[in-house]
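Contents: one structure, followed by commentary.
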Amino acid sequence: MTDPSRPSRPRSQPAPGRPGPPDGRRTRITRRGRLVLLTAALAVAAAIAVPFVLGGDEDEGTQRTGTLTVPEGWRASQVYAAVDTALHLKKGTTGKKAADAGLSLPGDAGGNPEGYLYPATYPITDRTTPERLLTTMVDTANRAYAEGTVAAGAERNAVSRYQLVTVASIVQSEAATDKDMARVARVVYNRLDEGMPLQMDSTLNYGLGRTTLHTRTSETRSKTPYNTYVHKGLPPTPIANPGARALRAATRPAEGDWLYFVTVKSGDTRFTSDYAEHQRNVAEFNKLHSSSSPSASS
């Protein structure tokens with residue numbers, strides 16, 4: 001949580017040679033003005049139905065018992081917990097089995113399925129196991145990521161396919177609308193091109209193993225490899241499981257020279273390449289929220 005005695009401030013660092021904050025304090029590169037409603041995420045995920053085949057679950061005598069919907073933006077830990085619940089398993093069972101499930105992950109993943117548990121609605125039968133369900137999720141992701149547009153987008157943006165999925169996961173965590181997703185993706189690529197640290201609270205929070213969107217300035221010095229305030233470049237893995245919209249934004253980002261963005265208020269996210277303008281936007285944000293409790297940010 002941020003210090004409740006002062007308003008939460010969007011943080012970002014200036015590019016090399018650009019003037020920094022006069023008081024030496026950091027301002028966040030971004031702030032999500034609101035949380036994406038789970039119901040909206042479920043609606044998007046439900047639009048992607050997985051065939052009633054779960055690695056042999058359609059054997060004779062199999063009975064369908066329900067479905068499991070993975071919303072866009074869920075972390076692997078959330079997926080594991082949902083699988084445990086759907087299959088009536090002891091808490092932590094799916095997470096323990098993931099490492100030995102023989103998932104078809106790219107070498108860059110190092111066995112970590114984060115980013116490859118594709119958001120969709122999956123059928124559940126009386127023969128479904130955690131291994132089969134996770135395998136189906138990863139296979140669904142691999143089909144989505146194998147499309148020519150994804151490969152072309154990765155090449156066009158000078159990243160590997162795995163890195164593009166990582167960008168999409170950041171976009172998923174930082175923006176709610178298609179328009180903002182495309183712009184956030186451009187900010188990520190622009191910062192990478194300029195050698196600037198990404199400085200995203202979403203990656204830092206992932207590394208700290210939390211879902212809160214409030215971040216103290218002192219926490220930006222944390223040693224986690226997901227701290228993009230300290231470490232330049234992309235985090236070592238995706239930070240969530242992105243959906244089709246975020247993947248599309250990472251593949252075809254909007255055109256622009258933006259380096260900073262801040263959501264001043266709900267529905268009003270401002271992107272700029274000018275640090276002074278960004279500071280004015282931050283000041284407006286602070287003015288609007290100075291009398292309220294610290295606002296959510298990422």
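So you can find residues: chains in the structure tokens are A, B, ... in the order shown, residues in each start at 1, and ligands are numbered from 1 in order.
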Can you tell me, as a ChimeraX atom specification, what residues are no more than 12 Å from segment 178-184 of chain A when counting only C-alpha atoms, ignoring any on the same chain fewer than 3 positions away? /A:29-33,167-175,187-191,198,200,242-263,267-273
Could you pull out the alpha helix (DSSP H) residues of segment 123-173 of chain A, going by DSSP on the backbone, and write them as a ChimeraX atom specification? /A:130-145,148-156,161-173
Can I get the selection written as a compact mmCIF listing (two decimals), in the first residue's frame, with N, CA and C atoms?
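So the final result, stored in selection-v6.txt, reads:
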# COMPACT_ATOMS: atom_id res chain seq x y z
N PRO A 130 -5.77 -32.68 -13.41
CA PRO A 130 -5.04 -31.41 -13.54
C PRO A 130 -4.07 -31.42 -14.71
N GLU A 131 -3.37 -32.54 -14.89
CA GLU A 131 -2.40 -32.63 -15.98
C GLU A 131 -3.07 -32.49 -17.34
N ARG A 132 -4.20 -33.16 -17.53
CA ARG A 132 -4.91 -33.07 -18.80
C ARG A 132 -5.43 -31.67 -19.06
N LEU A 133 -5.95 -31.04 -18.00
CA LEU A 133 -6.52 -29.71 -18.15
C LEU A 133 -5.43 -28.69 -18.47
N LEU A 134 -4.31 -28.75 -17.77
CA LEU A 134 -3.20 -27.83 -18.03
C LEU A 134 -2.63 -28.06 -19.43
N THR A 135 -2.56 -29.32 -19.83
CA THR A 135 -2.06 -29.63 -21.18
C THR A 135 -2.95 -29.02 -22.24
N THR A 136 -4.25 -29.09 -22.04
CA THR A 136 -5.18 -28.50 -23.01
C THR A 136 -5.02 -26.98 -23.06
N MET A 137 -4.83 -26.36 -21.91
CA MET A 137 -4.62 -24.90 -21.89
C MET A 137 -3.37 -24.51 -22.65
N VAL A 138 -2.28 -25.23 -22.40
CA VAL A 138 -1.01 -24.92 -23.08
C VAL A 138 -1.12 -25.20 -24.57
N ASP A 139 -1.76 -26.30 -24.94
CA ASP A 139 -1.94 -26.61 -26.37
C ASP A 139 -2.78 -25.54 -27.05
N THR A 140 -3.79 -25.02 -26.35
CA THR A 140 -4.61 -23.95 -26.91
C THR A 140 -3.77 -22.69 -27.12
N ALA A 141 -2.92 -22.39 -26.15
CA ALA A 141 -2.02 -21.22 -26.28
C ALA A 141 -1.07 -21.41 -27.45
N ASN A 142 -0.49 -22.58 -27.56
CA ASN A 142 0.46 -22.83 -28.64
C ASN A 142 -0.20 -22.67 -30.01
N ARG A 143 -1.46 -23.08 -30.12
CA ARG A 143 -2.17 -22.88 -31.40
C ARG A 143 -2.37 -21.39 -31.67
N ALA A 144 -2.73 -20.66 -30.65
CA ALA A 144 -2.95 -19.21 -30.82
C ALA A 144 -1.65 -18.50 -31.17
N TYR A 145 -0.55 -18.89 -30.51
CA TYR A 145 0.72 -18.21 -30.72
C TYR A 145 1.43 -18.67 -31.99
N GLY A 148 0.44 -17.06 -38.02
CA GLY A 148 1.42 -16.28 -38.77
C GLY A 148 1.47 -14.83 -38.36
N THR A 149 0.32 -14.27 -37.94
CA THR A 149 0.32 -12.87 -37.55
C THR A 149 1.14 -12.64 -36.29
N VAL A 150 1.19 -13.63 -35.42
CA VAL A 150 1.98 -13.50 -34.19
C VAL A 150 3.47 -13.53 -34.52
N ALA A 151 3.86 -14.48 -35.36
CA ALA A 151 5.27 -14.56 -35.77
C ALA A 151 5.69 -13.29 -36.49
N ALA A 152 4.82 -12.80 -37.37
CA ALA A 152 5.14 -11.57 -38.11
C ALA A 152 5.23 -10.39 -37.16
N GLY A 153 4.33 -10.34 -36.17
CA GLY A 153 4.35 -9.25 -35.20
C GLY A 153 5.61 -9.27 -34.34
N ALA A 154 6.05 -10.46 -33.98
CA ALA A 154 7.28 -10.58 -33.19
C ALA A 154 8.47 -10.07 -34.00
N GLU A 155 8.53 -10.46 -35.25
CA GLU A 155 9.64 -10.02 -36.10
C GLU A 155 9.58 -8.52 -36.32
N ARG A 156 8.39 -8.00 -36.55
CA ARG A 156 8.22 -6.57 -36.82
C ARG A 156 8.63 -5.73 -35.60
N ARG A 161 8.96 -14.71 -30.11
CA ARG A 161 7.55 -14.99 -29.88
C ARG A 161 7.25 -15.05 -28.38
N TYR A 162 8.15 -15.63 -27.62
CA TYR A 162 7.97 -15.71 -26.17
C TYR A 162 7.98 -14.32 -25.55
N GLN A 163 8.86 -13.46 -26.04
CA GLN A 163 8.90 -12.09 -25.53
C GLN A 163 7.63 -11.34 -25.89
N LEU A 164 7.08 -11.62 -27.07
CA LEU A 164 5.83 -10.97 -27.45
C LEU A 164 4.71 -11.37 -26.50
N VAL A 165 4.68 -12.62 -26.10
CA VAL A 165 3.69 -13.07 -25.12
C VAL A 165 3.90 -12.33 -23.80
N THR A 166 5.16 -12.10 -23.44
CA THR A 166 5.46 -11.35 -22.22
C THR A 166 4.95 -9.92 -22.33
N VAL A 167 5.17 -9.28 -23.48
CA VAL A 167 4.64 -7.93 -23.70
C VAL A 167 3.12 -7.95 -23.58
N ALA A 168 2.49 -8.94 -24.19
CA ALA A 168 1.02 -9.04 -24.13
C ALA A 168 0.54 -9.18 -22.70
N SER A 169 1.29 -9.91 -21.87
CA SER A 169 0.88 -10.08 -20.47
C SER A 169 0.96 -8.76 -19.71
N ILE A 170 1.95 -7.94 -20.04
CA ILE A 170 2.05 -6.62 -19.41
C ILE A 170 0.90 -5.74 -19.87
N VAL A 171 0.64 -5.76 -21.16
CA VAL A 171 -0.47 -4.99 -21.72
C VAL A 171 -1.78 -5.39 -21.05
N GLN A 172 -1.97 -6.70 -20.90
CA GLN A 172 -3.19 -7.22 -20.26
C GLN A 172 -3.34 -6.68 -18.84
N SER A 173 -2.22 -6.56 -18.15
CA SER A 173 -2.23 -6.12 -16.76
C SER A 173 -2.33 -4.61 -16.60
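Relative to atom CA of Gly233 of chain A, atom CA of Leu192 of chain A is found at 6.2 Å.
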Among segment 49-272 of chain A, which residues does DSSP mark as strand (DSSP E or B) when it is run on the backbone? Keep the chain and numbering as in the structure and answer as a VMD selection string. chain A and resid 49 64 to 69 121 to 125 260 to 265 268 to 272
Find the residues of segment 184-257 of chain A that sit at most 10 Å from segment 97-110 of chain A; for each, write down the nearest two atoms and how far apart they are in Å, to one decimal. Count only C-alpha atoms. Sort by chain, then by number going up, and give it as a tab-separated table.
residue	atom	partner	partner_atom	distance
A:Pro236	CA	A:Ala109	CA	8.5
A:Thr237	CA	A:Ala109	CA	6.7
A:Pro238	CA	A:Ala109	CA	8.9
With C-alpha atoms retained, export the selected residues as an mmCIF file, in the first residue's frame.
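Output below, filename part_26.cif:
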data_model
loop_
_atom_site.group_PDB
_atom_site.id
_atom_site.type_symbol
_atom_site.label_atom_id
_atom_site.label_comp_id
_atom_site.auth_asym_id
_atom_site.auth_seq_id
_atom_site.Cartn_x
_atom_site.Cartn_y
_atom_site.Cartn_z
ATOM 1 C CA PRO A 236 12.070 -13.061 -17.300
ATOM 2 C CA THR A 237 8.613 -14.534 -17.956
ATOM 3 C CA PRO A 238 5.103 -13.316 -18.711
#
Restricting the calculation to only C-alpha atoms, which member of A:Ile239, A:Ala120, A:Thr94, A:Asp193 is positioned closest to Ala82 of chain A? A:Thr94
For atom CA of Asp126 of chain A and atom CA of Trp74 of chain A, the interatomic separation in Å (one decimal):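 Interatomic distance, atom CA of Asp126 of chain A to atom CA of Trp74 of chain A: 24.8 Å.
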Under the rule that only C-alpha atoms are counted, which of A:Leu234, A:Gly209, A:Thr203, A:Lys287 is the nearest residue to Val159 of chain A?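 Ranking A:Leu234, A:Gly209, A:Thr203, A:Lys287 by distance to Val159 of chain A, first place goes to A:Leu234.
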